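Asks: Mind looking over this structure? Questions follow.
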Amino acid sequence: MNTQDIIDTAKALVADDKGLLAMDESNPTCNKRFAALGIPQNEEARRAYREMIVDTPGLGESISGVILFDETILQQKKDGTPFVKALNDAGIIPGIKVDLGAKEMAGHPGEKITEGLDGLRDRLTEYFKMGARFAKWRAVIVIGEGIPSRGCIDANAHALARYASLCQEAGLAPIVEPEVLMDGVHTLEQCCEVTENVLRTVFNQLYLQRVILEGIILKPNMVLPGLSCPEQESVDEIADATVNCLMQAVPAAVPGIAFLSGGQSGELASTRLNAMNVRFKSRMPWALAFSFARAIQQPALEIWQGKEINVPKAQQALYHRTKCNQAARRGEYNTGLEKHIYDNTVYKHHK
Ligand code: 13P
């Protein structure tokens, strides 16, 4: 492995106030989102949808890296251009989701363990040859009655660290994603406590597995009250809780933290990321960025509807969300930007 290349990739993923676009939904997840909108659930529809995303004019202005799925990484545009080439031509680094999903954890009712370590070394070598330069592995932590358990946190953190170590051996920068889910009645304080516990465990395991911290990106959840918690804190309170939690647990050697959106609306995710950068940017040792799937894609998916005629409008909506998130990285986002979505004077690519 060339350590410097991995470090350069990790740094490039959070450079220039850019962030990541996750389009690595597994086939069942992608199909579920299509089904909700009456879009056909087949390989060609998934390919056409991903072509719409990859082909968005100006995507590389605010997106540094795109996370692909196994089915997608070898797919091509209708004109025969491989997606990987289209991304590279747009100045975007291709990445790949390599975990095999979060499954029920034996002996731990209500908890999940992410699978995919067996054979991972060979799969990573293949993905590198296909052009991937970074990878992603997602662990899922649920807050509930008596959970998460120590056993679940430890097992998921261990798997994340084994994955990250294998990635660096293969020349890929690992995105380390321990997601504490938003679902539940838990409070902001409980989410903060669990997130800090999980992150401390993850970084301890990364240390034990000799992972080079300068060559990873952390992809955590924001610290939020549960969706069903009666008390929902303000944007600033959430920004403070999230950054204070990260300050406790994430070493300064890590170049960047890129949040998942976790089911927040696009506007809320941008607003909260913006507040963190407004309040803390000058004091944080790492870049605070985004690696959203739903919070970038959802409006575009709803406009696209599986129809080619809707592609330009859908791309406009996608582009808009990426620019909003880039503004949030700078602490320059405000909801006033949202009303310009179809104002052709705002973005040069849509004149
Ligand atoms: P969301 O932003 O939709 O949570 O997805 C991010 C992701 O990559 C989940 O693994």
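Every chain in the structure tokens takes a letter, A first, then B, and so on in the order presented; its residues are numbered from 1, and the ligands are numbered from 1 following the presented order.
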Using only C-alpha atoms and all ligand atoms, find each protein or nucleic acid residue lying at most 9 Å from ligand 1; present the set as a PyMOL selection string.
Replies: chain A and resi 21-25+67+97+136-139+177+179+219+221+259-264+290-298
Asks: For the residues selected in the previous step, produce a file with C-alpha atoms as a PDB file, in the first residue's frame.
Replies:
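The new file result_10.pdb reads:
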ATOM      1  CA  LEU A  21     -22.799  11.897  -2.304  1.00  0.00           C
ATOM      2  CA  ALA A  22     -23.878   8.425  -1.191  1.00  0.00           C
ATOM      3  CA  MET A  23     -25.692   6.534  -3.965  1.00  0.00           C
ATOM      4  CA  ASP A  24     -24.824   3.109  -2.642  1.00  0.00           C
ATOM      5  CA  GLU A  25     -28.301   1.904  -1.729  1.00  0.00           C
ATOM      6  CA  ILE A  67     -20.217   6.102  -3.080  1.00  0.00           C
ATOM      7  CA  LYS A  97     -19.879   0.287  -0.306  1.00  0.00           C
ATOM      8  CA  LYS A 136     -17.623   2.483   2.997  1.00  0.00           C
ATOM      9  CA  TRP A 137     -18.813   0.170   5.773  1.00  0.00           C
ATOM     10  CA  ARG A 138     -21.878   1.019   7.868  1.00  0.00           C
ATOM     11  CA  ALA A 139     -22.555  -0.265  11.371  1.00  0.00           C
ATOM     12  CA  GLU A 177     -19.643   4.752   9.478  1.00  0.00           C
ATOM     13  CA  GLU A 179     -24.679   5.081  12.677  1.00  0.00           C
ATOM     14  CA  LYS A 219     -19.131   9.185   8.883  1.00  0.00           C
ATOM     15  CA  ASN A 221     -24.777  10.499  12.830  1.00  0.00           C
ATOM     16  CA  PHE A 259     -22.198  13.203   8.428  1.00  0.00           C
ATOM     17  CA  LEU A 260     -24.848  10.812   7.182  1.00  0.00           C
ATOM     18  CA  SER A 261     -28.322  12.370   6.967  1.00  0.00           C
ATOM     19  CA  GLY A 262     -30.178   9.456   8.551  1.00  0.00           C
ATOM     20  CA  GLY A 263     -33.654  10.444   7.372  1.00  0.00           C
ATOM     21  CA  GLN A 264     -33.513  14.192   8.087  1.00  0.00           C
ATOM     22  CA  PHE A 290     -21.449  15.764   4.527  1.00  0.00           C
ATOM     23  CA  SER A 291     -21.919  12.330   3.006  1.00  0.00           C
ATOM     24  CA  PHE A 292     -25.656  12.369   2.459  1.00  0.00           C
ATOM     25  CA  ALA A 293     -27.827   9.989   0.484  1.00  0.00           C
ATOM     26  CA  ARG A 294     -31.474  10.852   1.154  1.00  0.00           C
ATOM     27  CA  ALA A 295     -30.837  14.503   2.092  1.00  0.00           C
ATOM     28  CA  ILE A 296     -29.288  15.064  -1.353  1.00  0.00           C
ATOM     29  CA  GLN A 297     -31.212  12.616  -3.536  1.00  0.00           C
ATOM     30  CA  GLN A 298     -34.799  12.661  -2.289  1.00  0.00           C
TER      31      GLN A 298
END
Asks: Tell me which protein, DNA and RNA residues are within 10 Å of Thr3 in chain A, counting only C-alpha atoms, leaving out same-chain ones fewer than 4 positions away, and put them as JSON, numbers by chain.
Replies: {"A": [7, 8, 9, 168, 169, 171, 172, 173, 212, 214, 215]}
Asks: Looking at A:Gly58, A:Pro82, A:Gly65, A:Pro109, which one is nearest to Ala15 in chain A, with distances taken over only C-alpha atoms?
Replies: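 Using only C-alpha atoms, the shortest distance to Ala15 in chain A belongs to A:Gly65.
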Asks: Out of A:Val198, A:Leu20, A:Met105, A:Ile147, which residue has the shortest atom-to-atom distance to Gln248 in chain A when counting only C-alpha atoms?
Replies: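 Looking at the shortest contact to Gln248 in chain A, the residue is A:Val198.
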Asks: Out of A:Cys167, A:Lys103, A:Ala86, A:Asp154, which residue has the shortest atom-to-atom distance to Arg121 in chain A when counting only C-alpha atoms?
Replies: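 Of A:Cys167, A:Lys103, A:Ala86, A:Asp154, the one nearest Arg121 in chain A is A:Cys167, counting only C-alpha atoms.
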Asks: Residues near Asp183 in chain A, anyone? I mean within 10 Å using only C-alpha atoms, not counting same-chain ones fewer than 6 positions away, as number ranges by chain.
Replies: A: 142-144, 225-229, 262-263
Asks: Write the residues of the preceding selection, restricted to all heavy atoms, as a PDB file, in the first residue's frame.
Replies:
ATOM      1  N   VAL A 142     -28.801   0.757  17.573  1.00  0.00           N
ATOM      2  CA  VAL A 142     -30.178   1.141  17.906  1.00  0.00           C
ATOM      3  C   VAL A 142     -30.230   1.541  19.383  1.00  0.00           C
ATOM      4  O   VAL A 142     -29.675   0.847  20.244  1.00  0.00           O
ATOM      5  CB  VAL A 142     -31.135  -0.063  17.673  1.00  0.00           C
ATOM      6  CG1 VAL A 142     -32.580   0.321  17.990  1.00  0.00           C
ATOM      7  CG2 VAL A 142     -31.016  -0.562  16.230  1.00  0.00           C
ATOM      8  N   ILE A 143     -30.912   2.660  19.676  1.00  0.00           N
ATOM      9  CA  ILE A 143     -31.145   3.030  21.084  1.00  0.00           C
ATOM     10  C   ILE A 143     -32.548   2.566  21.459  1.00  0.00           C
ATOM     11  O   ILE A 143     -33.508   2.824  20.727  1.00  0.00           O
ATOM     12  CB  ILE A 143     -31.038   4.552  21.303  1.00  0.00           C
ATOM     13  CG1 ILE A 143     -29.664   5.069  20.849  1.00  0.00           C
ATOM     14  CG2 ILE A 143     -31.271   4.888  22.785  1.00  0.00           C
ATOM     15  CD1 ILE A 143     -29.465   6.573  21.056  1.00  0.00           C
ATOM     16  N   GLY A 144     -32.658   1.867  22.565  1.00  0.00           N
ATOM     17  CA  GLY A 144     -33.966   1.385  23.017  1.00  0.00           C
ATOM     18  C   GLY A 144     -33.874   0.913  24.451  1.00  0.00           C
ATOM     19  O   GLY A 144     -32.888   1.186  25.155  1.00  0.00           O
ATOM     20  N   PRO A 225     -32.208  14.264  19.123  1.00  0.00           N
ATOM     21  CA  PRO A 225     -33.208  13.546  19.921  1.00  0.00           C
ATOM     22  C   PRO A 225     -33.918  12.534  19.030  1.00  0.00           C
ATOM     23  O   PRO A 225     -34.029  12.735  17.813  1.00  0.00           O
ATOM     24  CB  PRO A 225     -34.169  14.655  20.360  1.00  0.00           C
ATOM     25  CG  PRO A 225     -33.989  15.757  19.361  1.00  0.00           C
ATOM     26  CD  PRO A 225     -32.586  15.660  18.847  1.00  0.00           C
ATOM     27  N   GLY A 226     -34.404  11.437  19.621  1.00  0.00           N
ATOM     28  CA  GLY A 226     -35.146  10.444  18.850  1.00  0.00           C
ATOM     29  C   GLY A 226     -36.320  11.071  18.128  1.00  0.00           C
ATOM     30  O   GLY A 226     -36.897  12.065  18.611  1.00  0.00           O
ATOM     31  N   LEU A 227     -36.685  10.485  16.998  1.00  0.00           N
ATOM     32  CA  LEU A 227     -37.782  11.050  16.191  1.00  0.00           C
ATOM     33  C   LEU A 227     -39.076  11.153  16.988  1.00  0.00           C
ATOM     34  O   LEU A 227     -39.877  12.055  16.762  1.00  0.00           O
ATOM     35  CB  LEU A 227     -38.023  10.170  14.962  1.00  0.00           C
ATOM     36  CG  LEU A 227     -37.052  10.342  13.790  1.00  0.00           C
ATOM     37  CD1 LEU A 227     -37.355   9.321  12.712  1.00  0.00           C
ATOM     38  CD2 LEU A 227     -37.118  11.762  13.237  1.00  0.00           C
ATOM     39  N   SER A 228     -39.288  10.211  17.940  1.00  0.00           N
ATOM     40  CA  SER A 228     -40.525  10.214  18.714  1.00  0.00           C
ATOM     41  C   SER A 228     -40.352  10.830  20.099  1.00  0.00           C
ATOM     42  O   SER A 228     -41.214  10.704  20.954  1.00  0.00           O
ATOM     43  CB  SER A 228     -41.050   8.784  18.874  1.00  0.00           C
ATOM     44  OG  SER A 228     -41.102   8.145  17.633  1.00  0.00           O
ATOM     45  N   CYS A 229     -39.214  11.481  20.334  1.00  0.00           N
ATOM     46  CA  CYS A 229     -39.006  12.143  21.628  1.00  0.00           C
ATOM     47  C   CYS A 229     -39.838  13.424  21.653  1.00  0.00           C
ATOM     48  O   CYS A 229     -39.797  14.206  20.699  1.00  0.00           O
ATOM     49  CB  CYS A 229     -37.524  12.472  21.809  1.00  0.00           C
ATOM     50  SG  CYS A 229     -37.178  13.376  23.321  1.00  0.00           S
ATOM     51  N   GLY A 262     -29.415  10.295   7.634  1.00  0.00           N
ATOM     52  CA  GLY A 262     -30.178   9.456   8.551  1.00  0.00           C
ATOM     53  C   GLY A 262     -31.692   9.582   8.484  1.00  0.00           C
ATOM     54  O   GLY A 262     -32.383   9.094   9.373  1.00  0.00           O
ATOM     55  N   GLY A 263     -32.203  10.288   7.461  1.00  0.00           N
ATOM     56  CA  GLY A 263     -33.654  10.444   7.372  1.00  0.00           C
ATOM     57  C   GLY A 263     -34.105  11.871   7.652  1.00  0.00           C
ATOM     58  O   GLY A 263     -35.293  12.176   7.581  1.00  0.00           O
TER      59      GLY A 263
END
Asks: From a backbone DSSP assignment, name each residue in range 131-243 of chain A labelled helix (DSSP H, G or I), as a ChimeraX atom specification.
Replies: /A:150-169,188-208,213-215,235-243
Asks: Determine, counting only C-alpha atoms, which protein, DNA and RNA residues have an atom within 8 Å of an atom of Ala161 in chain A; residues of the same chain fewer than 2 positions away are not included. Present the result as a list of chain:residue names.
Replies: A:Ala157, A:His158, A:Ala159, A:Tyr163, A:Ala164, A:Ser165, A:Val202, A:Gln205, A:Leu206, A:Gln209, A:Val211
Asks: Restrict the selected residues to N, CA and C atoms and save them as a PDB file, in the first residue's frame.
Replies:
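Written output follows (out-v9.pdb):
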ATOM      1  N   ALA A 157     -17.736  -2.249  16.329  1.00  0.00           N
ATOM      2  CA  ALA A 157     -16.520  -1.434  16.269  1.00  0.00           C
ATOM      3  C   ALA A 157     -15.345  -2.278  15.785  1.00  0.00           C
ATOM      4  N   HIS A 158     -15.294  -3.535  16.260  1.00  0.00           N
ATOM      5  CA  HIS A 158     -14.221  -4.438  15.835  1.00  0.00           C
ATOM      6  C   HIS A 158     -14.300  -4.680  14.329  1.00  0.00           C
ATOM      7  N   ALA A 159     -15.511  -4.939  13.829  1.00  0.00           N
ATOM      8  CA  ALA A 159     -15.679  -5.188  12.387  1.00  0.00           C
ATOM      9  C   ALA A 159     -15.294  -3.950  11.573  1.00  0.00           C
ATOM     10  N   TYR A 163     -12.277  -3.952   8.834  1.00  0.00           N
ATOM     11  CA  TYR A 163     -12.563  -3.466   7.467  1.00  0.00           C
ATOM     12  C   TYR A 163     -11.613  -2.331   7.100  1.00  0.00           C
ATOM     13  N   ALA A 164     -11.452  -1.367   8.018  1.00  0.00           N
ATOM     14  CA  ALA A 164     -10.638  -0.183   7.716  1.00  0.00           C
ATOM     15  C   ALA A 164      -9.181  -0.578   7.464  1.00  0.00           C
ATOM     16  N   SER A 165      -8.699  -1.536   8.252  1.00  0.00           N
ATOM     17  CA  SER A 165      -7.325  -1.978   8.102  1.00  0.00           C
ATOM     18  C   SER A 165      -7.120  -2.659   6.739  1.00  0.00           C
ATOM     19  N   VAL A 202     -14.979   2.719  18.787  1.00  0.00           N
ATOM     20  CA  VAL A 202     -14.501   2.600  17.401  1.00  0.00           C
ATOM     21  C   VAL A 202     -13.040   3.052  17.309  1.00  0.00           C
ATOM     22  N   GLN A 205     -10.667   0.562  18.749  1.00  0.00           N
ATOM     23  CA  GLN A 205     -10.476  -0.583  17.847  1.00  0.00           C
ATOM     24  C   GLN A 205      -9.631  -0.195  16.625  1.00  0.00           C
ATOM     25  N   LEU A 206      -9.829   1.000  16.114  1.00  0.00           N
ATOM     26  CA  LEU A 206      -9.009   1.435  14.971  1.00  0.00           C
ATOM     27  C   LEU A 206      -7.532   1.468  15.378  1.00  0.00           C
ATOM     28  N   GLN A 209      -6.203  -2.110  15.589  1.00  0.00           N
ATOM     29  CA  GLN A 209      -6.017  -2.712  14.261  1.00  0.00           C
ATOM     30  C   GLN A 209      -5.036  -1.919  13.384  1.00  0.00           C
ATOM     31  N   VAL A 211      -4.878   1.136  12.207  1.00  0.00           N
ATOM     32  CA  VAL A 211      -5.417   1.952  11.119  1.00  0.00           C
ATOM     33  C   VAL A 211      -4.792   3.346  11.202  1.00  0.00           C
TER      34      VAL A 211
END
Asks: With only C-alpha atoms as the atoms that count, which of A:Cys324, A:Val250, A:Ala106, A:Ala135 lies nearest to Ala155 in chain A?
Replies: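 Between A:Cys324, A:Val250, A:Ala106, A:Ala135, the residue approaching Ala155 in chain A most closely is A:Ala106.
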Asks: Grab the CA of Gln315 in chain A to CA of Thr56 in chain A distance for me, in Å with one decimal place.
Replies: 5.2 Å
Asks: To one decimal place, how far is CA of Glu71 in chain A from CA of Asn27 in chain A in Å?
Replies: 8.1 Å
Asks: Using only C-alpha atoms, which of A:Arg330, A:Lys11, A:Arg210, A:Arg50 sits nearest Ser64 in chain A?
Replies: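 Looking only at the distances to Ser64 in chain A, the closest residue turns out to be A:Lys11.
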Asks: Run DSSP on the backbone and grab whatever in range 148-344 of chain A lands in strand (DSSP E or B); send it over as a list of chain:residue names.
Replies: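 Written out, the strand (DSSP E or B) residues of range 148-344 of chain A are A:Ala173, A:Pro174, A:Ile175, A:Val176, A:Glu177, A:Pro178, A:Glu179, A:Val180, A:Ile217, A:Leu218, A:Gly256, A:Ile257, A:Ala258, A:Phe259, A:Ala287, A:Leu288, A:Ala289, A:Phe290, A:Ser291, A:Phe292.
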Asks: Any idea what the distance is between CA of Leu37 in chain A and CA of Gln316 in chain A?
Replies: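 Taking CA of Leu37 in chain A as the start and CA of Gln316 in chain A as the end point, the length is 19.2 Å.
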Asks: Return the single residue from A:Ile53, A:Leu68, A:Ala328, A:Val254 that is closest to Ala275 in chain A, with distances computed using only C-alpha atoms.
Replies: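 So, comparing all the options, the nearest one is A:Ala328.
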Asks: Using only C-alpha atoms, determine which residues lie at most 7 Å from range 39-44 of chain A, disregarding the query and same-chain residues fewer than 4 positions distant; provide the list as a PDB file with C-alpha atoms, in the first residue's frame.
Replies:
ATOM      1  CA  ASN A  31     -36.277  -0.759  -4.907  1.00  0.00           C
ATOM      2  CA  PHE A  34     -38.674   3.410  -6.126  1.00  0.00           C
ATOM      3  CA  ALA A  35     -41.762   1.452  -5.046  1.00  0.00           C
ATOM      4  CA  ALA A  48     -31.069   5.028 -15.444  1.00  0.00           C
ATOM      5  CA  GLN A 305     -40.297   9.534 -11.288  1.00  0.00           C
ATOM      6  CA  GLY A 306     -38.490   7.098 -13.610  1.00  0.00           C
TER       7      GLY A 306
END
Asks: Find the spatial neighbours of Lys307 in chain A, counting only C-alpha atoms, within a cut-off of 12 Å - ignore same-chain residues fewer than 4 positions away - and output them as a CSV table (one decimal) with C-alpha atoms, in the first residue's frame.
Replies:
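The result, stored in out.csv:
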chain,number,residue,atom,x,y,z
A,37,LEU,CA,-43.0,6.5,-5.9
A,38,GLY,CA,-44.4,3.9,-8.3
A,39,ILE,CA,-41.1,3.7,-10.2
A,40,PRO,CA,-40.4,0.2,-11.7
A,45,ALA,CA,-34.5,1.6,-13.8
A,48,ALA,CA,-31.1,5.0,-15.4
A,49,TYR,CA,-31.5,6.7,-12.0
A,52,MET,CA,-29.2,10.8,-14.0
A,300,ALA,CA,-34.5,14.7,-7.3
A,301,LEU,CA,-35.9,11.2,-7.0
A,302,GLU,CA,-39.4,12.6,-6.5
A,303,ILE,CA,-39.1,14.8,-9.6
A,311,VAL,CA,-34.1,14.3,-16.0
A,312,PRO,CA,-33.1,18.0,-16.4
A,313,LYS,CA,-35.4,19.1,-13.6
A,314,ALA,CA,-34.3,16.3,-11.3
